[in-house]
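Undergrad: Below is the file work-v8.txt, which contains compact mmCIF, C-alpha atoms and all ligand atoms.
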```txt
# COMPACT_ATOMS: atom_id res chain seq x y z
CA MET A 1 -4.39 -5.07 26.53
CA ASN A 2 -2.73 -7.33 23.97
CA PRO A 3 1.01 -6.74 23.56
CA LEU A 4 1.78 -6.08 19.92
CA LYS A 5 3.28 -9.08 18.19
CA ALA A 6 3.35 -7.83 14.60
CA VAL A 7 3.29 -4.68 12.49
CA LEU A 8 1.64 -5.34 9.12
CA TRP A 9 2.72 -2.99 6.34
CA ASP A 10 0.81 -1.96 3.28
CA VAL A 11 3.25 -1.20 0.44
CA ASP A 12 2.06 1.37 -2.11
CA GLY A 13 1.62 4.79 -0.55
CA THR A 14 2.70 3.54 2.89
CA LEU A 15 6.30 2.36 2.46
CA VAL A 16 6.91 4.54 -0.60
CA GLU A 17 4.91 7.16 -2.55
CA SER A 18 4.87 4.56 -5.29
CA GLU A 19 1.48 5.26 -6.86
CA ARG A 20 1.96 8.84 -8.10
CA ASP A 21 5.68 8.65 -8.80
CA GLY A 22 6.04 4.94 -9.63
CA HIS A 23 3.13 2.90 -10.97
CA ARG A 24 1.46 5.89 -12.70
CA VAL A 25 4.69 6.89 -14.47
CA ALA A 26 5.37 3.27 -15.42
CA PHE A 27 1.85 2.78 -16.83
CA ASN A 28 2.39 5.86 -19.04
CA LEU A 29 5.72 4.45 -20.28
CA ALA A 30 3.93 1.21 -21.15
CA PHE A 31 1.23 3.07 -23.10
CA GLU A 32 3.96 4.92 -25.00
CA ALA A 33 5.91 1.72 -25.72
CA LEU A 34 2.84 0.17 -27.35
CA GLY A 35 2.18 3.31 -29.43
CA LEU A 36 -0.96 4.21 -27.49
CA ALA A 37 -1.81 7.89 -27.02
CA TRP A 38 -3.32 7.08 -23.60
CA ARG A 39 -1.81 8.85 -20.59
CA TRP A 40 -2.89 8.96 -16.96
CA ASP A 41 -2.30 12.35 -15.34
CA GLU A 42 -2.18 12.64 -11.57
CA ALA A 43 -5.86 13.49 -11.24
CA ARG A 44 -7.09 10.65 -13.48
CA TYR A 45 -4.82 8.14 -11.74
CA GLY A 46 -6.21 9.32 -8.41
CA GLU A 47 -9.72 8.46 -9.63
CA LEU A 48 -8.56 5.08 -10.89
CA LEU A 49 -7.01 4.18 -7.54
CA ARG A 50 -10.44 3.20 -6.31
CA ILE A 51 -9.87 0.07 -8.43
CA THR A 52 -7.35 -2.17 -6.66
CA GLY A 53 -4.96 -4.05 -8.95
CA GLY A 54 -3.09 -2.64 -11.94
CA ARG A 55 -4.65 -4.98 -14.51
CA GLU A 56 -8.12 -4.41 -13.14
CA ARG A 57 -7.43 -0.64 -13.31
CA LEU A 58 -6.48 -0.94 -16.99
CA MET A 59 -9.62 -2.94 -17.79
CA ASN A 60 -11.77 -0.36 -16.04
CA ASP A 61 -10.13 2.55 -17.88
CA MET A 62 -10.67 0.82 -21.24
CA THR A 63 -14.44 0.87 -20.67
CA THR A 64 -14.21 4.68 -20.98
CA ARG A 65 -12.16 4.72 -24.24
CA THR A 66 -13.59 4.62 -27.75
CA ASP A 67 -10.21 3.46 -29.16
CA ALA A 68 -9.90 0.45 -26.84
CA PRO A 69 -10.08 -3.06 -28.42
CA ALA A 70 -13.60 -4.21 -29.19
CA THR A 71 -13.73 -7.65 -27.58
CA ALA A 72 -13.25 -8.68 -23.97
CA ASP A 73 -10.51 -11.14 -24.97
CA GLU A 74 -8.57 -8.47 -26.86
CA ARG A 75 -8.87 -6.08 -23.93
CA ASP A 76 -7.72 -8.73 -21.54
CA ALA A 77 -4.67 -9.52 -23.72
CA LEU A 78 -3.80 -5.83 -24.02
CA ALA A 79 -4.19 -5.30 -20.26
CA ARG A 80 -1.87 -8.26 -19.56
CA ASP A 81 0.75 -6.94 -21.98
CA LEU A 82 0.56 -3.39 -20.62
CA HIS A 83 0.66 -4.62 -17.04
CA ALA A 84 3.75 -6.79 -17.59
CA ARG A 85 5.52 -3.88 -19.30
CA LYS A 86 4.43 -1.49 -16.53
CA ASN A 87 5.92 -3.80 -13.91
CA ARG A 88 9.26 -3.86 -15.76
CA TYR A 89 9.32 -0.05 -15.95
CA PHE A 90 8.32 0.11 -12.27
CA ALA A 91 11.31 -2.07 -11.32
CA GLU A 92 13.60 0.26 -13.29
CA LEU A 93 12.15 3.34 -11.56
CA VAL A 94 12.56 1.74 -8.15
CA GLY A 95 16.15 0.82 -8.94
CA SER A 96 16.97 4.35 -10.06
CA ALA A 97 16.55 5.58 -6.45
CA GLY A 98 13.80 7.98 -7.44
CA LEU A 99 11.37 6.37 -5.01
CA PRO A 100 12.69 6.63 -1.44
CA LEU A 101 11.14 4.96 1.60
CA ARG A 102 8.76 7.36 3.32
CA PRO A 103 10.46 9.03 6.30
CA GLY A 104 10.04 7.17 9.58
CA VAL A 105 9.48 3.76 7.96
CA ALA A 106 13.04 2.48 8.37
CA ALA A 107 13.24 3.67 12.01
CA LEU A 108 10.02 1.88 12.97
CA MET A 109 11.11 -1.33 11.20
CA ARG A 110 14.44 -1.20 13.09
CA GLU A 111 12.66 -0.73 16.40
CA CYS A 112 10.41 -3.73 15.64
CA ALA A 113 13.47 -5.89 14.98
CA GLU A 114 15.20 -4.71 18.19
CA ARG A 115 12.11 -5.41 20.30
CA GLY A 116 11.19 -8.75 18.75
CA VAL A 117 8.01 -7.56 17.05
CA ALA A 118 7.40 -9.38 13.76
CA LEU A 119 7.13 -7.54 10.45
CA GLY A 120 4.61 -8.46 7.78
CA VAL A 121 3.80 -7.17 4.31
CA VAL A 122 0.10 -7.16 3.45
CA THR A 123 -0.53 -5.85 -0.04
CA THR A 124 -2.55 -6.86 -3.05
CA THR A 125 0.07 -5.48 -5.42
CA SER A 126 1.88 -8.03 -7.63
CA ARG A 127 4.76 -9.89 -5.96
CA VAL A 128 7.25 -8.75 -8.60
CA ASN A 129 6.67 -5.11 -7.61
CA VAL A 130 6.99 -5.83 -3.89
CA GLU A 131 10.25 -7.70 -4.50
CA ALA A 132 11.69 -4.90 -6.64
CA LEU A 133 10.78 -2.25 -4.11
CA LEU A 134 11.94 -4.03 -0.96
CA GLN A 135 15.11 -5.34 -2.53
CA ALA A 136 16.01 -1.79 -3.64
CA HIS A 137 15.49 -0.39 -0.15
CA LEU A 138 16.38 -3.21 2.23
CA GLY A 139 18.83 -5.22 0.13
CA ALA A 140 18.71 -8.83 -1.05
CA PRO A 141 18.08 -10.38 2.43
CA TRP A 142 14.91 -8.28 2.82
CA ARG A 143 12.72 -11.39 2.80
CA ASP A 144 14.35 -12.70 6.00
CA ARG A 145 13.17 -9.60 7.85
CA PHE A 146 9.49 -10.35 7.24
CA ALA A 147 7.65 -13.19 8.96
CA ALA A 148 4.80 -12.96 6.44
CA VAL A 149 4.59 -11.50 2.93
CA VAL A 150 1.13 -11.51 1.36
CA CYS A 151 0.86 -10.22 -2.22
CA GLY A 152 -1.85 -9.97 -4.87
CA GLU A 153 -1.21 -13.49 -6.21
CA ASP A 154 -1.85 -15.02 -2.78
CA VAL A 155 -5.51 -14.03 -2.57
CA ARG A 156 -8.67 -14.45 -4.59
CA ASN A 157 -10.05 -11.10 -3.51
CA LYS A 158 -7.94 -7.95 -3.38
CA LYS A 159 -8.36 -5.16 -0.81
CA PRO A 160 -10.79 -3.86 0.44
CA ASP A 161 -11.55 -7.54 1.00
CA PRO A 162 -9.98 -8.71 4.31
CA GLU A 163 -8.56 -11.92 2.76
CA ALA A 164 -4.96 -10.64 2.62
CA TYR A 165 -5.05 -9.64 6.31
CA ARG A 166 -6.63 -12.91 7.38
CA LEU A 167 -3.95 -14.84 5.50
CA ALA A 168 -1.18 -12.81 7.16
CA LEU A 169 -2.65 -13.45 10.62
CA ARG A 170 -2.88 -17.21 9.91
CA THR A 171 0.72 -17.23 8.65
CA LEU A 172 1.91 -15.46 11.79
CA GLY A 173 -0.31 -17.54 14.09
CA ILE A 174 -1.63 -14.48 15.91
CA GLY A 175 -4.99 -12.86 16.58
CA PRO A 176 -6.05 -9.56 14.99
CA LEU A 177 -5.66 -7.56 18.20
CA GLU A 178 -2.04 -8.68 18.50
CA ALA A 179 -1.26 -6.85 15.24
CA VAL A 180 -1.47 -3.34 13.91
CA ALA A 181 -1.80 -2.44 10.24
CA ILE A 182 -0.15 0.59 8.65
CA GLU A 183 -2.25 1.71 5.69
CA ASP A 184 -2.70 4.89 3.66
CA SER A 185 -5.86 4.29 1.60
CA PRO A 186 -9.56 3.95 2.42
CA GLY A 187 -9.58 0.50 0.78
CA GLY A 188 -6.59 -0.67 2.79
CA VAL A 189 -8.11 0.61 6.03
CA ALA A 190 -11.38 -1.14 5.20
CA ALA A 191 -9.52 -4.42 4.51
CA ALA A 192 -7.70 -4.38 7.84
CA ARG A 193 -10.79 -3.35 9.78
CA ALA A 194 -12.85 -6.10 8.21
CA ALA A 195 -10.24 -8.52 9.57
CA ASP A 196 -10.52 -6.77 13.00
CA VAL A 197 -6.92 -5.51 12.82
CA PRO A 198 -6.45 -1.98 14.26
CA VAL A 199 -5.14 0.47 11.64
CA VAL A 200 -2.76 3.43 11.86
CA VAL A 201 -2.85 5.80 8.87
CA PRO A 202 0.16 7.92 7.83
CA LEU A 203 -1.59 10.00 5.15
CA SER A 204 -0.09 9.77 1.64
CA ALA A 205 -0.18 12.11 -1.36
CA TYR A 206 -3.27 10.62 -2.97
CA PHE A 207 -5.36 10.05 0.13
CA ALA A 208 -4.45 13.09 2.26
CA ARG A 209 -8.04 14.36 2.05
CA ALA A 210 -9.85 11.07 1.46
CA THR A 211 -12.62 9.77 3.66
CA ILE A 212 -11.01 7.32 6.06
CA GLU A 213 -13.17 5.68 8.68
CA GLY A 214 -12.38 3.80 11.83
CA ALA A 215 -8.59 4.08 12.15
CA VAL A 216 -6.99 4.03 15.61
CA ALA A 217 -4.86 7.01 14.52
CA ILE A 218 -4.50 9.31 11.51
CA GLY A 219 -1.51 11.59 10.99
CA PRO A 220 0.94 13.20 8.60
CA GLY A 221 3.56 10.42 8.49
CA LEU A 222 5.64 8.12 10.68
CA HIS A 223 8.54 10.60 10.72
CA THR A 224 6.86 12.81 13.30
CA ARG A 225 4.83 12.40 16.51
CA ALA A 226 3.30 15.86 15.89
CA GLY A 227 -0.04 16.35 14.15
CA TRP A 228 -1.62 12.96 14.91
CA ARG A 229 -5.17 12.25 16.05
CA PRO A 230 -5.37 11.07 18.83
CA ALA A 231 -2.54 13.41 19.85
CA LEU A 232 0.71 11.99 21.16
CA HIS A 233 2.13 13.51 24.31
CA PRO A 234 5.69 14.75 23.91
CA GLY A 235 7.23 12.51 26.63
CA ALA A 236 10.80 11.37 26.18
CA CYS A 237 10.39 11.02 22.40
CA GLY A 238 9.33 14.62 21.74
CA ASP A 239 8.40 15.20 18.12
CA GLY A 240 10.72 12.46 16.79
CA PRO A 241 9.43 9.55 14.73
CA VAL A 242 6.40 7.47 15.77
CA THR A 243 7.48 4.58 18.01
CA LEU A 244 6.17 1.10 18.78
CA ASP A 245 4.94 2.40 22.15
CA ASP A 246 2.91 5.02 20.27
CA LEU A 247 1.30 2.29 18.12
CA GLN A 248 0.65 0.20 21.22
CA GLY A 249 -0.88 3.20 23.01
CA TRP A 250 -3.27 3.97 20.15
CA CYS A 251 -4.34 0.34 19.92
CA ALA A 252 -4.92 0.15 23.67
CA GLN A 253 -7.20 3.22 23.68
CA MET A 254 -9.76 1.15 21.72
CA ASP A 255 -10.98 4.43 20.20
CA THR A 256 -11.30 5.16 16.51
CA VAL A 257 -10.86 8.35 14.50
CA SER A 258 -12.12 9.21 11.01
CA GLN A 259 -11.66 11.97 8.48
CA TYR A 260 -14.22 12.94 5.88
CA GLY A 261 -12.95 14.15 2.50
C1 LIG B 1 -2.11 -1.50 -4.43
C2 LIG B 1 -2.75 -1.55 -5.73
C3 LIG B 1 -1.95 -1.97 -6.87
C4 LIG B 1 -0.90 -0.96 -7.30
C5 LIG B 1 -0.22 -1.41 -8.55
O1 LIG B 1 -3.05 -1.55 -3.39
O2 LIG B 1 -3.93 -1.25 -5.90
O3 LIG B 1 -2.81 -2.19 -7.94
O4 LIG B 1 -1.52 0.28 -7.58
O5 LIG B 1 0.29 -2.70 -8.43
P1 LIG B 1 -2.82 -2.37 -2.05
P2 LIG B 1 -0.07 -3.86 -9.47
O6 LIG B 1 -1.37 -2.51 -1.77
O7 LIG B 1 -3.55 -1.55 -1.05
O8 LIG B 1 -3.44 -3.68 -2.22
O9 LIG B 1 0.07 -3.30 -10.83
O10 LIG B 1 0.93 -4.94 -9.14
O11 LIG B 1 -1.49 -4.27 -9.19
MG MG B 2 -1.55 1.81 0.01
```
How does the structure come out when it is put into structure tokens?

TA:
Amino acid sequence: MNPLKAVLWDVDGTLVESERDGHRVAFNLAFEALGLAWRWDEARYGELLRITGGRERLMNDMTTRTDAPATADERDALARDLHARKNRYFAELVGSAGLPLRPGVAALMRECAERGVALGVVTTTSRVNVEALLQAHLGAPWRDRFAAVVCGEDVRNKKPDPEAYRLALRTLGIGPLEAVAIEDSPGGVAAARAADVPVVVPLSAYFARATIEGAVAIGPGLHTRAGWRPALHPGACGDGPVTLDDLQGWCAQMDTVSQYG
């Protein structure tokens, strides 16, 4: 059994419910600011989440709109403008304290620090959004707490490609079985698995009923040890938050669980 050396965190949906209440809201503000009648409701945004990357998501949505610009260059320019505006609105939303850390996240990060387990961020979201979010929740020295921070700009291929995970492992100088990924989406789970990193899934709003294959554990959130598959035995920790020993135990079982949406 490999002792855990690092916990690798996805950002959107895992640290914060930032898709439904953050990026989606900010995209709609950007549409409004440019005088576009386009709006993404929760259901439509859920469909669009299969496209990783905000700009890529905009380009995909434009293929379905009769009032989108005619040429590829015009669409690209509009997507860049909308995306930059969306990121500014996202930073404002994050700063307004409307997007809290998901329960249990801070406790697990603290335990990692106390026990000398490295923290990494592995996301294919833009760096500016990661910085806004982590600065708001962990303060200006947040960067010092993470031994690796991989963002969308650092890779050629976004999740579900494993490139972001492979880069994080190289940066940390560890093997995949010395790490565990925390991910909420099918694409994120696929990315970690393709890099051979075991994945724990605290289900998020958008992917609560999604098909998720090959995780080492799936459960309702890191705030509770109840309701996970494989089940956690009460032990000394009872139904408190998920601990590093819990992560280690799931990884050591070498078993995987799936859910089919
Ligand atoms: C996150 C994404 C991003 C965010 C929006 O997925 O797909 O596109 O929705 O952020 P993951 P940007 O963290 O799993 O890679 O607008 O910066 O792309
Ligand atoms: Mg996610």

Undergrad: Skipping near chain neighbours, those fewer than 2 positions away, what residues fall within 7 Å of Pro220 in chain A using all atoms listed in the file, listed as a count of residues only?

TA: 4

Undergrad: Using all atoms listed in the file, which protein or nucleic acid residues are at most 6 Å from ligand MG 2 (chain B), as an MDAnalysis selection string?

TA: chainID A and resid 10:14 183:185

Undergrad: To one decimal place, how far is CA of Val200 in chain A from CA of Ala217 in chain A in Å?

TA: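 Going from CA of Val200 in chain A over to CA of Ala217 in chain A covers 4.9 Å.
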
Undergrad: As JSON, numbers by chain, please: every protein or nucleic acid residue near ligand LIG 1 (chain B) (cut-off 6 Å, counting all atoms listed in the file).

TA: {"A": [10, 11, 12, 19, 23, 52, 53, 54, 123, 124, 125, 126, 129, 159, 188]}

Undergrad: Identify which of the residues A:His233, A:Gln248, A:Ala205, A:Leu15 lies closest to Gly104 in chain A, counting all atoms listed in the file when measuring atom-to-atom distances.

TA: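 Ranked by minimum distance to Gly104 in chain A, first place goes to A:Leu15.
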
Undergrad: Given the choices A:Val7, A:Ala84, A:Met254, A:Val242, which gets closest to Ala107 in chain A if the distance is worked out from only C-alpha atoms?

TA: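 Looking only at the distances to Ala107 in chain A, the closest residue turns out to be A:Val242.
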
Undergrad: Could you give me the axis-aligned bounding box of range 201-205 of chain A, with 5 Å of padding per side, as centre plus edge lengths in Å to one decimal, as JSON?

TA:
```
{"center_x": -1.3, "center_y": 9.0, "center_z": 3.8, "size_x": 13.0, "size_y": 16.3, "size_z": 20.2}
```

Undergrad: Any idea what's packed within 10 Å of range 132-137 of chain A, counting all atoms listed in the file, ignoring anything in its chain fewer than 4 positions away? Could you give it as a list in words?

TA: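 In the requested form, the answer reads Val11, Asp12, Leu15, Val16, Ser18, Asn87, Arg88, Phe90, Ala91, Glu92, Leu93, Val94, Gly95, Ser96, Ala97, Leu99, Pro100, Leu101, Ala106, Arg127, Val128, Pro141, Trp142 and Arg143 of chain A.
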